[in-house]
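Structure below is work27.cif: mmCIF, C-alpha atoms.
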```cif
data_coords
loop_
_atom_site.label_atom_id
_atom_site.label_comp_id
_atom_site.auth_asym_id
_atom_site.auth_seq_id
_atom_site.Cartn_x
_atom_site.Cartn_y
_atom_site.Cartn_z
CA MET A 1 -109.75 -45.19 114.69
CA GLU A 2 -113.12 -45.14 116.46
CA ALA A 3 -114.58 -41.99 118.01
CA SER A 4 -116.53 -42.68 121.21
CA ALA A 5 -119.48 -40.45 120.28
CA TRP A 6 -120.59 -38.32 117.33
CA TYR A 7 -119.85 -35.12 119.22
CA MET A 8 -116.27 -36.13 119.99
CA MET A 9 -113.45 -35.74 117.47
CA TYR A 10 -110.02 -37.31 117.59
CA MET A 11 -107.10 -34.88 117.28
CA PRO A 12 -104.39 -36.83 115.45
CA ILE A 13 -101.38 -34.84 116.64
CA SER A 14 -102.11 -34.14 120.29
CA GLY A 15 -103.81 -37.57 120.54
CA ILE A 16 -106.86 -36.38 122.49
CA GLU A 17 -110.59 -36.43 121.87
CA ILE A 18 -112.29 -33.05 121.75
CA PHE A 19 -115.91 -31.91 121.93
CA TRP A 20 -116.03 -30.49 118.37
CA PRO A 21 -119.22 -28.35 118.69
CA GLY A 22 -117.25 -26.48 121.38
CA LEU A 23 -114.54 -25.75 118.79
CA VAL A 24 -117.14 -24.43 116.33
CA LEU A 25 -118.62 -22.22 119.07
CA ILE A 26 -115.23 -20.80 120.06
CA GLY A 27 -114.47 -20.13 116.39
CA PHE A 28 -117.83 -18.43 115.97
CA ALA A 29 -117.38 -16.26 119.10
CA VAL A 30 -113.88 -15.14 118.21
CA GLY A 31 -115.06 -14.45 114.67
CA VAL A 32 -117.82 -12.14 115.93
CA ILE A 33 -115.63 -10.34 118.48
CA GLY A 34 -112.52 -10.19 116.27
CA GLY A 35 -114.48 -8.90 113.28
CA PHE A 36 -116.12 -6.19 115.37
CA PHE A 37 -113.06 -5.00 117.33
CA GLY A 38 -110.30 -5.76 114.84
CA MET A 39 -108.25 -8.04 117.00
CA GLY A 40 -107.12 -11.62 116.94
CA GLY A 41 -108.75 -12.60 120.22
CA ALA A 42 -106.00 -14.87 121.55
CA TRP A 43 -106.99 -13.85 125.08
CA LEU A 44 -110.36 -15.58 124.67
CA VAL A 45 -109.46 -18.57 122.46
CA THR A 46 -106.57 -19.92 124.53
CA PRO A 47 -108.54 -20.36 127.80
CA GLY A 48 -111.48 -21.77 125.79
CA LEU A 49 -109.31 -24.42 124.11
CA ASN A 50 -107.65 -25.17 127.41
CA ILE A 51 -111.04 -25.75 129.07
CA LEU A 52 -112.05 -28.07 126.17
CA GLY A 53 -109.01 -30.20 127.00
CA PHE A 54 -106.13 -29.01 124.85
CA PRO A 55 -102.72 -28.94 126.56
CA MET A 56 -101.60 -25.29 126.96
CA ALA A 57 -98.81 -25.42 124.33
CA PHE A 58 -101.24 -26.83 121.72
CA ALA A 59 -103.93 -24.33 122.76
CA ILE A 60 -101.60 -21.37 122.03
CA GLY A 61 -100.33 -22.74 118.68
CA THR A 62 -103.79 -23.77 117.47
CA ASP A 63 -105.14 -20.41 118.58
CA ILE A 64 -102.56 -18.47 116.53
CA ALA A 65 -103.21 -20.57 113.40
CA HIS A 66 -106.97 -20.14 113.73
CA ILE A 67 -106.58 -16.37 114.22
CA ALA A 68 -104.65 -16.08 110.93
CA GLY A 69 -107.45 -17.82 109.00
CA LYS A 70 -110.24 -15.97 110.78
CA SER A 71 -108.56 -12.58 110.25
CA MET A 72 -108.33 -13.36 106.54
CA ILE A 73 -112.09 -13.93 106.34
CA ALA A 74 -112.81 -10.71 108.31
CA THR A 75 -110.23 -8.68 106.35
CA ILE A 76 -111.86 -9.62 103.03
CA ARG A 77 -115.19 -8.30 104.33
CA HIS A 78 -113.66 -5.13 105.86
CA ALA A 79 -111.77 -4.46 102.60
CA LYS A 80 -115.11 -4.46 100.72
CA PHE A 81 -116.33 -1.75 103.12
CA GLY A 82 -113.17 0.28 102.49
CA ASN A 83 -111.98 -0.19 106.06
CA VAL A 84 -108.51 -1.55 105.24
CA ASP A 85 -105.67 0.89 104.55
CA VAL A 86 -103.14 -1.50 103.00
CA PRO A 87 -100.18 0.98 102.73
CA LEU A 88 -100.70 1.97 106.38
CA GLY A 89 -100.91 -1.70 107.40
CA LEU A 90 -97.75 -2.56 105.46
CA ALA A 91 -95.86 0.44 106.86
CA MET A 92 -96.70 -0.64 110.39
CA LEU A 93 -96.23 -4.35 109.79
CA ILE A 94 -92.49 -4.22 109.10
CA PHE A 95 -91.81 -2.16 112.22
CA THR A 96 -94.18 -4.38 114.22
CA MET A 97 -92.23 -7.52 113.25
CA LEU A 98 -88.99 -5.85 114.32
CA GLY A 99 -90.59 -4.83 117.61
CA ILE A 100 -91.99 -8.34 118.24
CA GLU A 101 -88.52 -9.83 117.80
CA ILE A 102 -87.01 -7.39 120.33
CA GLY A 103 -89.92 -7.95 122.75
CA ALA A 104 -89.45 -11.74 122.50
CA ARG A 105 -85.75 -11.33 123.29
CA ILE A 106 -86.55 -9.26 126.38
CA VAL A 107 -88.79 -12.15 127.51
CA ILE A 108 -85.97 -14.67 126.98
CA TYR A 109 -83.71 -12.43 129.09
CA LEU A 110 -86.35 -12.21 131.85
CA GLU A 111 -86.80 -15.99 131.65
CA ALA A 112 -83.05 -16.43 132.17
CA ILE A 113 -83.19 -14.38 135.38
CA GLY A 114 -86.40 -16.15 136.48
CA LEU A 115 -88.76 -13.16 136.40
CA VAL A 116 -90.80 -13.72 133.25
CA GLY A 117 -94.20 -14.80 134.65
CA PRO A 118 -95.12 -12.03 137.14
CA VAL A 119 -93.33 -9.21 135.25
CA VAL A 120 -95.14 -9.97 131.98
CA ARG A 121 -98.53 -10.30 133.71
CA TRP A 122 -98.26 -7.07 135.70
CA VAL A 123 -96.96 -5.09 132.71
CA TYR A 124 -99.93 -6.45 130.73
CA VAL A 125 -102.35 -5.41 133.48
CA GLY A 126 -100.72 -1.95 133.62
CA PHE A 127 -101.12 -1.41 129.89
CA LEU A 128 -104.69 -2.66 129.85
CA ALA A 129 -105.49 -0.28 132.73
CA CYS A 130 -103.98 2.62 130.74
CA ILE A 131 -106.01 1.69 127.62
CA PHE A 132 -109.16 1.36 129.74
CA LEU A 133 -108.65 4.84 131.27
CA MET A 134 -107.86 6.34 127.86
CA VAL A 135 -110.99 4.92 126.19
CA LEU A 136 -113.14 5.85 129.20
CA THR A 137 -111.86 9.47 129.14
CA ASP A 138 -112.43 9.59 125.40
CA ILE A 139 -116.04 8.39 125.68
CA LEU A 140 -116.83 10.74 128.59
CA LYS A 141 -115.33 13.74 126.77
CA LYS A 142 -117.27 12.94 123.61
CA ARG A 143 -120.53 12.54 125.59
CA ARG A 144 -119.97 15.85 127.42
CA ARG A 145 -119.32 17.65 124.14
CA GLU A 146 -122.47 16.15 122.64
CA ARG A 147 -124.50 17.23 125.70
CA GLU A 148 -123.13 20.75 125.60
CA LYS A 149 -123.45 20.83 121.79
CA ILE A 150 -120.45 23.12 121.30
CA GLY A 151 -120.81 24.39 117.70
CA GLU A 152 -121.37 22.02 114.81
CA GLU A 153 -120.27 18.58 115.97
CA ASP A 154 -117.75 16.87 113.69
CA LYS A 155 -119.10 13.34 113.21
CA LEU A 156 -115.58 11.96 112.69
CA LYS A 157 -114.20 13.53 115.85
CA GLY A 158 -113.80 11.52 119.05
CA GLY A 159 -113.18 12.77 122.58
CA ILE A 160 -109.38 12.60 122.75
CA ASP A 161 -107.36 14.11 119.91
CA TRP A 162 -103.63 13.47 120.28
CA ALA A 163 -103.19 12.48 116.64
CA SER A 164 -103.54 16.05 115.30
CA THR A 165 -100.56 17.10 117.45
CA LEU A 166 -98.52 14.09 116.33
CA HIS A 167 -99.35 14.86 112.67
CA LYS A 168 -97.53 18.19 113.10
CA ILE A 169 -94.23 16.32 113.43
CA ARG A 170 -93.09 16.44 109.82
CA ILE A 171 -90.08 14.16 109.52
CA PRO A 172 -89.74 12.95 105.92
CA PRO A 173 -90.92 10.84 104.21
CA MET A 174 -94.44 12.29 104.55
CA MET A 175 -97.25 9.95 103.51
CA HIS A 176 -100.88 10.30 102.58
CA PHE A 177 -102.89 7.31 103.71
CA GLU A 178 -105.99 7.55 101.57
CA MET A 179 -108.41 5.15 103.27
CA ALA A 180 -107.57 6.45 106.74
CA GLY A 181 -107.69 10.03 105.43
CA ILE A 182 -104.49 11.09 107.18
CA TYR A 183 -101.31 12.83 106.09
CA CYS A 184 -98.37 12.23 108.40
CA SER A 185 -94.74 11.20 108.63
CA LEU A 186 -94.14 7.52 107.81
CA TRP A 187 -92.27 7.40 111.11
CA LEU A 188 -95.46 7.93 113.12
CA PRO A 189 -97.24 4.66 112.18
CA GLY A 190 -93.78 3.04 112.02
CA LEU A 191 -92.96 4.03 115.59
CA VAL A 192 -96.44 3.08 116.81
CA GLY A 193 -96.04 -0.33 115.09
CA PHE A 194 -92.57 -0.74 116.57
CA VAL A 195 -93.61 0.06 120.15
CA THR A 196 -96.81 -2.02 120.02
CA GLY A 197 -94.70 -4.79 118.43
CA ILE A 198 -92.22 -4.72 121.35
CA LEU A 199 -95.13 -4.91 123.78
CA ALA A 200 -96.82 -7.72 121.81
CA GLY A 201 -93.59 -9.72 121.66
CA PHE A 202 -92.94 -9.06 125.33
CA LEU A 203 -96.46 -10.00 126.39
CA GLY A 204 -96.68 -12.96 123.99
CA ILE A 205 -99.87 -11.73 122.32
CA GLY A 206 -100.85 -10.80 118.76
CA GLY A 207 -101.05 -7.13 119.70
CA GLY A 208 -104.47 -6.21 118.28
CA MET A 209 -105.65 -5.12 121.70
CA LEU A 210 -102.84 -2.54 121.85
CA ARG A 211 -102.64 -1.64 118.14
CA MET A 212 -106.33 -0.89 117.59
CA PRO A 213 -106.47 1.94 120.19
CA ALA A 214 -102.99 3.12 119.11
CA LEU A 215 -104.23 3.45 115.52
CA ILE A 216 -107.15 5.55 116.73
CA TYR A 217 -105.54 7.77 119.35
CA LEU A 218 -101.95 8.12 118.07
CA VAL A 219 -102.15 7.66 114.29
CA GLY A 220 -105.57 9.29 113.95
CA CYS A 221 -107.50 6.59 112.05
CA PRO A 222 -111.30 6.57 112.16
CA THR A 223 -112.41 3.65 114.38
CA HIS A 224 -113.74 1.56 111.45
CA VAL A 225 -110.48 1.92 109.47
CA ALA A 226 -108.45 1.13 112.62
CA VAL A 227 -110.45 -2.10 113.01
CA GLY A 228 -109.96 -3.18 109.36
CA THR A 229 -106.28 -2.20 109.14
CA ASP A 230 -105.50 -3.91 112.43
CA LEU A 231 -107.15 -7.11 111.19
CA PHE A 232 -104.98 -6.96 108.07
CA GLU A 233 -101.91 -6.82 110.33
CA VAL A 234 -103.21 -9.63 112.54
CA MET A 235 -103.73 -11.75 109.40
CA VAL A 236 -100.12 -11.37 108.18
CA SER A 237 -98.46 -11.68 111.59
CA GLY A 238 -100.80 -14.60 112.41
CA LEU A 239 -99.63 -16.52 109.32
CA TYR A 240 -96.03 -15.95 110.37
CA GLY A 241 -96.89 -17.04 113.93
CA ALA A 242 -98.69 -20.14 112.63
CA PHE A 243 -95.62 -21.13 110.61
CA THR A 244 -93.17 -20.71 113.52
CA TYR A 245 -95.48 -22.54 115.94
CA THR A 246 -95.84 -25.40 113.45
CA LEU A 247 -92.05 -25.68 113.31
CA LYS A 248 -92.17 -26.07 117.09
CA GLY A 249 -94.76 -28.85 116.55
CA ARG A 250 -97.56 -27.27 118.57
CA ILE A 251 -100.47 -26.90 116.13
CA GLU A 252 -103.53 -29.12 115.72
CA LEU A 253 -104.50 -28.46 112.11
CA ILE A 254 -107.79 -30.42 112.27
CA ALA A 255 -108.97 -28.25 115.19
CA VAL A 256 -108.08 -25.11 113.22
CA VAL A 257 -110.19 -26.27 110.25
CA VAL A 258 -113.18 -27.03 112.51
CA MET A 259 -112.87 -23.66 114.28
CA LEU A 260 -112.66 -21.83 110.95
CA CYS A 261 -116.10 -23.19 110.01
CA GLY A 262 -117.58 -21.34 113.00
CA ALA A 263 -115.38 -18.30 112.42
CA ALA A 264 -116.59 -18.00 108.82
CA VAL A 265 -120.09 -17.14 110.02
CA GLY A 266 -119.00 -15.22 113.13
CA ALA A 267 -116.56 -12.97 111.26
CA GLN A 268 -119.31 -11.92 108.82
CA ILE A 269 -121.64 -10.98 111.69
CA GLY A 270 -118.94 -9.08 113.60
CA THR A 271 -117.72 -7.21 110.54
CA VAL A 272 -121.15 -6.27 109.18
CA ALA A 273 -122.13 -5.11 112.70
CA THR A 274 -119.46 -2.35 112.47
CA LYS A 275 -121.54 -0.84 109.67
CA TYR A 276 -124.46 -0.30 112.04
CA SER A 277 -122.41 0.86 115.01
CA ARG A 278 -120.91 4.25 115.75
CA GLY A 279 -117.16 4.39 116.41
CA MET A 280 -117.85 5.27 120.06
CA GLY A 281 -120.05 2.17 120.41
CA ILE A 282 -117.18 -0.02 119.18
CA ARG A 283 -114.80 1.76 121.59
CA PHE A 284 -117.19 1.26 124.53
CA TRP A 285 -117.54 -2.52 124.08
CA PHE A 286 -113.81 -2.75 123.42
CA MET A 287 -113.30 -1.11 126.82
CA VAL A 288 -115.55 -3.75 128.44
CA CYS A 289 -113.42 -6.53 126.91
CA ILE A 290 -110.25 -4.80 128.13
CA VAL A 291 -111.55 -4.71 131.72
CA VAL A 292 -112.51 -8.40 131.64
CA CYS A 293 -109.15 -9.38 130.14
CA MET A 294 -107.41 -7.36 132.88
CA ILE A 295 -109.41 -8.99 135.69
CA SER A 296 -108.81 -12.48 134.25
CA ILE A 297 -105.03 -11.88 134.20
CA ILE A 298 -105.13 -10.76 137.84
CA PHE A 299 -107.06 -13.96 138.69
CA LYS A 300 -104.45 -16.03 136.84
CA GLN A 301 -101.68 -14.30 138.76
CA TYR A 302 -103.26 -15.58 141.98
CA GLY A 303 -103.74 -19.11 140.61
CA LEU A 304 -107.49 -18.82 139.89
CA THR A 305 -107.13 -20.04 136.30
CA LEU A 306 -110.51 -21.80 136.07
CA ILE A 307 -112.43 -18.75 137.36
CA ALA A 308 -110.47 -16.55 134.92
CA GLY A 309 -111.44 -18.85 132.02
CA ILE A 310 -115.10 -18.99 133.04
CA LEU A 311 -115.25 -15.19 133.45
CA ILE A 312 -113.78 -14.67 129.97
CA LEU A 313 -116.16 -17.14 128.33
CA ALA A 314 -119.19 -15.61 130.11
CA VAL A 315 -118.33 -12.08 128.95
CA VAL A 316 -117.50 -13.35 125.46
CA ALA A 317 -121.00 -14.87 125.25
CA LEU A 318 -122.56 -11.59 126.44
CA VAL A 319 -120.56 -9.34 124.08
CA CYS A 320 -121.23 -11.76 121.20
CA ALA A 321 -124.97 -11.57 121.86
CA ILE A 322 -124.83 -7.75 121.89
CA ILE A 323 -122.85 -7.58 118.62
CA MET A 324 -125.28 -10.03 116.99
CA GLY A 325 -128.13 -7.84 118.21
CA ILE A 326 -126.51 -4.76 116.61
CA MET A 327 -126.02 -6.63 113.32
CA PHE A 328 -129.50 -8.19 113.05
CA LYS A 329 -131.27 -4.98 114.15
CA GLY A 330 -129.28 -2.85 111.69
CA ALA A 331 -129.77 -5.33 108.85
CA ALA A 332 -133.54 -5.51 109.50
CA VAL A 333 -133.83 -1.70 109.41
CA GLU A 334 -131.78 -1.50 106.19
CA LEU A 335 -133.84 -4.21 104.47
CA ARG A 336 -137.10 -2.53 105.61
CA GLU A 337 -135.93 0.84 104.26
CA LYS A 338 -134.91 -0.76 100.96
CA LYS A 339 -138.28 -2.45 100.69
CA ALA A 340 -140.11 0.81 101.43
CA ALA A 341 -137.99 2.70 98.87
CA GLY A 342 -138.72 0.03 96.26
CA LYS A 343 -142.50 0.37 96.64
CA MET B 1 -97.49 2.61 95.18
CA LYS B 2 -93.99 2.65 93.64
CA ALA B 3 -93.10 5.84 95.49
CA PHE B 4 -94.54 4.35 98.69
CA LEU B 5 -92.42 1.20 98.37
CA TYR B 6 -89.34 3.33 97.67
CA ARG B 7 -89.97 5.41 100.80
CA LEU B 8 -90.65 2.30 102.86
CA LEU B 9 -87.38 0.71 101.74
CA THR B 10 -85.46 3.89 102.63
CA SER B 11 -87.09 3.96 106.05
CA ILE B 12 -86.30 0.29 106.76
CA THR B 13 -82.65 0.88 105.84
CA MET B 14 -82.58 3.84 108.25
CA VAL B 15 -84.10 1.73 111.05
CA TYR B 16 -81.52 -0.98 110.43
CA LEU B 17 -78.70 1.55 110.67
CA LEU B 18 -80.11 3.37 113.68
CA ILE B 19 -80.87 0.39 115.91
CA PRO B 20 -77.75 -0.51 117.88
CA ALA B 21 -76.58 -4.11 117.83
CA PRO B 22 -77.00 -4.69 121.61
CA VAL B 23 -80.77 -4.15 121.30
CA SER B 24 -81.10 -7.10 118.96
CA ALA B 25 -78.62 -9.33 120.88
CA GLY B 26 -79.85 -12.84 121.64
CA GLY B 27 -80.53 -14.60 124.94
CA LYS B 28 -80.47 -18.20 126.14
CA LYS B 29 -82.23 -20.77 123.97
CA ALA B 30 -85.18 -22.61 125.48
CA LYS B 31 -85.06 -26.43 125.64
CA PRO B 32 -87.26 -27.90 122.86
CA LEU B 33 -89.81 -30.57 123.82
CA VAL B 34 -90.30 -33.33 121.26
CA HIS B 35 -93.87 -34.45 120.55
CA VAL B 36 -94.71 -37.38 118.28
CA ALA B 37 -98.14 -38.09 116.79
CA ASP B 38 -99.37 -41.66 117.36
CA THR B 39 -99.88 -42.96 113.81
CA ARG B 40 -100.85 -46.51 114.85
CA VAL B 41 -104.48 -45.53 115.31
CA LEU B 42 -104.80 -43.33 112.20
CA SER B 43 -105.75 -43.79 108.55
CA GLY B 44 -106.40 -41.71 105.40
CA THR B 45 -105.83 -37.94 105.56
CA TYR B 46 -105.20 -38.02 109.31
CA LEU B 47 -102.39 -40.55 108.75
CA TYR B 48 -100.91 -38.48 105.90
CA PHE B 49 -100.72 -35.31 108.02
CA ALA B 50 -99.57 -37.14 111.16
CA ASN B 51 -96.73 -38.80 109.22
CA MET B 52 -95.73 -35.45 107.77
CA TYR B 53 -95.78 -33.95 111.27
CA ASN B 54 -93.50 -36.71 112.58
CA GLU B 55 -91.08 -36.78 109.66
CA ASN B 56 -90.85 -33.27 108.21
CA LEU B 57 -91.98 -30.34 110.35
CA LEU B 58 -90.88 -27.77 107.76
CA LEU B 59 -93.12 -29.34 105.12
CA PHE B 60 -95.92 -29.56 107.69
CA GLY B 61 -95.40 -25.83 108.45
CA ILE B 62 -95.63 -24.94 104.75
CA TRP B 63 -98.76 -27.11 104.41
CA THR B 64 -100.32 -25.38 107.43
CA VAL B 65 -99.78 -21.92 105.90
CA VAL B 66 -101.09 -23.11 102.50
CA VAL B 67 -104.18 -24.75 104.06
CA LEU B 68 -104.86 -21.67 106.22
CA THR B 69 -104.51 -19.27 103.30
CA ALA B 70 -106.62 -21.40 100.96
CA LEU B 71 -109.29 -22.07 103.57
CA GLY B 72 -109.37 -18.49 104.91
CA SER B 73 -109.63 -16.84 101.51
CA GLY B 74 -111.90 -19.60 100.12
CA ILE B 75 -114.40 -19.34 102.99
CA GLY B 76 -114.10 -15.53 102.87
CA PHE B 77 -115.09 -15.34 99.21
CA LEU B 78 -117.80 -18.00 99.61
CA MET B 79 -119.33 -16.08 102.53
CA ASP B 80 -119.10 -12.91 100.45
CA ILE B 81 -121.28 -14.51 97.76
CA ILE B 82 -123.76 -15.80 100.36
CA MET B 83 -123.95 -12.43 102.15
CA SER B 84 -124.51 -10.53 98.90
CA LYS B 85 -127.67 -12.64 98.33
CA ILE B 86 -129.24 -11.27 101.53
CA GLY B 87 -129.72 -7.87 99.93
CA LEU B 88 -127.61 -5.74 102.29
CA ASP B 89 -125.31 -3.04 100.96
CA LEU B 90 -121.93 -4.55 101.78
CA ARG B 91 -119.78 -2.17 99.75
CA SER B 92 -120.19 1.09 101.63
CA ARG B 93 -120.63 2.38 105.15
CA GLU B 94 -120.84 5.77 106.79
CA LEU B 95 -117.93 6.68 109.08
CA ARG B 96 -119.40 7.97 112.35
CA GLU B 97 -117.69 8.45 115.70
#
```
Please re-express this file's structure in structure tokens.
Amino acid sequence: MEASAWYMMYMPISGIEIFWPGLVLIGFAVGVIGGFFGMGGAWLVTPGLNILGFPMAFAIGTDIAHIAGKSMIATIRHAKFGNVDVPLGLAMLIFTMLGIEIGARIVIYLEAIGLVGPVVRWVYVGFLACIFLMVLTDILKKRRREREKIGEEDKLKGGIDWASTLHKIRIPPMMHFEMAGIYCSLWLPGLVGFVTGILAGFLGIGGGMLRMPALIYLVGCPTHVAVGTDLFEVMVSGLYGAFTYTLKGRIELIAVVVMLCGAAVGAQIGTVATKYSRGMGIRFWFMVCIVVCMISIIFKQYGLTLIAGILILAVVALVCAIIMGIMFKGAAVELREKKAAGK
Amino acid sequence: MKAFLYRLLTSITMVYLLIPAPVSAGGKKAKPLVHVADTRVLSGTYLYFANMYNENLLLFGIWTVVVLTALGSGIGFLMDIIMSKIGLDLRSRELRE
């Protein structure tokens, strides 16, 4: 087996040659973004792999497998920070799996009646629009409160607070989730996991993009804990997804290994950057990604797949650069302060 | 943790009993497409994995999960050691919204 050039790598299963530095870059980018926002990032990996030359079915399978590995690296780092609430993650996970199964069956039904493509895309756009409006309202409310300086500002309080109302629903068993600092009915995270699971299964995505805001606004997690706990969920469901996709024969393991090398560095940068960013900062950039994802889906709906892919990759590069800036700036300040304190 | 697992198990049983059967009813099965790796041009590790892919997908699936878990956790811990050498405090952070 002879590769044509040093920068090309032969993929033994799909039988194609791939520009491997591109794989490392995609892995790095999704590591940075996933570690910072607590999501898998399937929406940005799949078009990237597709542009590099992977057939769509292989792009999706390889993407899921890579996400599982990358989430593991980021979860280990977030766990060290105390951002992962394992009992909360486990409680949601079981209901999420159940929801995904039901969502997938709805898709099969829609496929049978020939409506799957447009229905799924427009529902996805609708949900992303709702999340965008919710995060935007939240940020604006928080900013207004800060400007008006009403009383002593609670540094853990965001703009929108629906979770406190939902916590008043006291259906047993009641649970105390220590890391997240919340006391609520087990049914609350369960129901949130179930509904986001149905949507994830229906939309054919990992669900991090829906679960992360749901953990913040409905369950009441601080942003940093929502990011870490969501990554924990993505890790477990990603491993399950990787296994089922492998059984369908649509995973390129060599590509996954190469991408993980980039993700190893990227995930550290993204995760450590959360330390130097306020929750609202994370929510703001998350909102930007939501808007881009929404626009790219609308482009795809009208057959502009290449433009959608290019748009996603351009914004990914921009958001990556910003997150790296946050991390390096924060780290430099911390090291300077440590040095000054040591003198 | 024991109490949590007990509560979780009770809740799952309740969900199972509450969800009606029609909700979890199945639909039509999609037609599977068969893909075969071309082993004529391969050697070494590539050949080993390609053969496994062609002959036993279940084993290949198990291998994929094992490789992912080992690689993910291995790289994670390795990066943890490297990052701790930089001198940053990677064990605590302030929660701020």
Could you tell me, as a PyMOL selection string, exactly which residues end up selected when the PyMOL selection byres ((chain B and resi 38) around 9) is applied to this structure? (chain A and resi 12-15) or (chain B and resi 36-37+39-42+50)
Going by the chain IDs and residue numbers used in this file, which residues fall under the PyMOL selection byres ((chain A and resi 292) around 10)? Write them as number ranges by chain. A: 128, 287-291, 293-298, 308, 311-312, 314-316
Which residues match the PyMOL selection byres ((chain A and resi 210) around 10) in the file above, as a ChimeraX atom specification? /A:39,127-128,131,192-193,195-197,199-200,205-209,211-215,230,290
Hey, list the chain B side of the contact with chain A: 6 Å cut-off, only C-alpha atoms, answer as a VMD selection string. chain B and resid 27 37 41 to 42 57 61 68 72 76 91 to 93 96 to 97
Taking every listed atom of region 164-176 of chain A and adding 6 Å to each side, what centre and edge lengths in Å (one decimal) does the axis-aligned box have, as AutoDock Vina command-line options?
```
--center_x -96.6 --center_y 14.1 --center_z 110.0 --size_x 25.8 --size_y 20.2 --size_z 26.9
```
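For the pair CA of Val135 (chain A) and CA of Gly181 (chain A), the interatomic distance is 21.6 Å.
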So how far away is CA of Phe49 (chain B) from CA of Thr64 (chain B), in Å? 10.0 Å
Could you check the closest approach to Val119 (chain A) for each of A:Asn50, A:Leu140, A:Gln301, A:Ala273 and tell me which residue wins, using only C-alpha atoms? A:Gln301
Expressed in Å to a single decimal, how great is the separation between CA of Phe177 (chain A) and CA of Ser164 (chain A)? 14.5 Å
Given only C-alpha atoms as the counted atoms, nearest of A:Met259, A:Leu88, A:Ala57, A:Ile307 to Phe28 (chain A): A:Met259
Once all heavy atoms are restored for region 44-48 of chain B, what would the output be as a PDB file, keeping the file's coordinate frame?
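New file rebuild.pdb:
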```pdb
ATOM      1  N   GLY B  44    -105.972 -42.744 106.357  1.00  0.00           N
ATOM      2  CA  GLY B  44    -106.400 -41.710 105.400  1.00  0.00           C
ATOM      3  C   GLY B  44    -105.657 -40.392 105.564  1.00  0.00           C
ATOM      4  O   GLY B  44    -104.434 -40.367 105.754  1.00  0.00           O
ATOM      5  N   THR B  45    -106.422 -39.286 105.489  1.00  0.00           N
ATOM      6  CA  THR B  45    -105.830 -37.940 105.560  1.00  0.00           C
ATOM      7  C   THR B  45    -105.139 -37.709 106.895  1.00  0.00           C
ATOM      8  O   THR B  45    -104.075 -37.097 106.951  1.00  0.00           O
ATOM      9  CB  THR B  45    -106.948 -36.866 105.382  1.00  0.00           C
ATOM     10  OG1 THR B  45    -107.864 -37.330 104.411  1.00  0.00           O
ATOM     11  CG2 THR B  45    -106.387 -35.541 104.941  1.00  0.00           C
ATOM     12  N   TYR B  46    -105.778 -38.189 107.968  1.00  0.00           N
ATOM     13  CA  TYR B  46    -105.200 -38.020 109.310  1.00  0.00           C
ATOM     14  C   TYR B  46    -103.788 -38.632 109.327  1.00  0.00           C
ATOM     15  O   TYR B  46    -102.852 -38.028 109.833  1.00  0.00           O
ATOM     16  CB  TYR B  46    -106.056 -38.739 110.351  1.00  0.00           C
ATOM     17  CG  TYR B  46    -107.246 -37.963 110.859  1.00  0.00           C
ATOM     18  CD1 TYR B  46    -107.795 -36.924 110.121  1.00  0.00           C
ATOM     19  CD2 TYR B  46    -107.817 -38.259 112.089  1.00  0.00           C
ATOM     20  CE1 TYR B  46    -108.894 -36.213 110.590  1.00  0.00           C
ATOM     21  CE2 TYR B  46    -108.903 -37.552 112.580  1.00  0.00           C
ATOM     22  CZ  TYR B  46    -109.444 -36.537 111.815  1.00  0.00           C
ATOM     23  OH  TYR B  46    -110.523 -35.843 112.289  1.00  0.00           O
ATOM     24  N   LEU B  47    -103.677 -39.842 108.749  1.00  0.00           N
ATOM     25  CA  LEU B  47    -102.390 -40.550 108.750  1.00  0.00           C
ATOM     26  C   LEU B  47    -101.365 -39.772 107.933  1.00  0.00           C
ATOM     27  O   LEU B  47    -100.208 -39.622 108.344  1.00  0.00           O
ATOM     28  CB  LEU B  47    -102.575 -41.958 108.179  1.00  0.00           C
ATOM     29  CG  LEU B  47    -101.309 -42.822 108.132  1.00  0.00           C
ATOM     30  CD1 LEU B  47    -100.785 -43.127 109.527  1.00  0.00           C
ATOM     31  CD2 LEU B  47    -101.557 -44.135 107.388  1.00  0.00           C
ATOM     32  N   TYR B  48    -101.803 -39.230 106.795  1.00  0.00           N
ATOM     33  CA  TYR B  48    -100.910 -38.480 105.900  1.00  0.00           C
ATOM     34  C   TYR B  48    -100.314 -37.273 106.652  1.00  0.00           C
ATOM     35  O   TYR B  48     -99.094 -37.062 106.657  1.00  0.00           O
ATOM     36  CB  TYR B  48    -101.691 -38.018 104.668  1.00  0.00           C
ATOM     37  CG  TYR B  48    -100.911 -37.101 103.755  1.00  0.00           C
ATOM     38  CD1 TYR B  48     -99.887 -37.598 102.948  1.00  0.00           C
ATOM     39  CD2 TYR B  48    -101.191 -35.735 103.710  1.00  0.00           C
ATOM     40  CE1 TYR B  48     -99.169 -36.746 102.117  1.00  0.00           C
ATOM     41  CE2 TYR B  48    -100.481 -34.883 102.883  1.00  0.00           C
ATOM     42  CZ  TYR B  48     -99.474 -35.386 102.084  1.00  0.00           C
ATOM     43  OH  TYR B  48     -98.754 -34.550 101.279  1.00  0.00           O
TER      44      TYR B  48
END
```
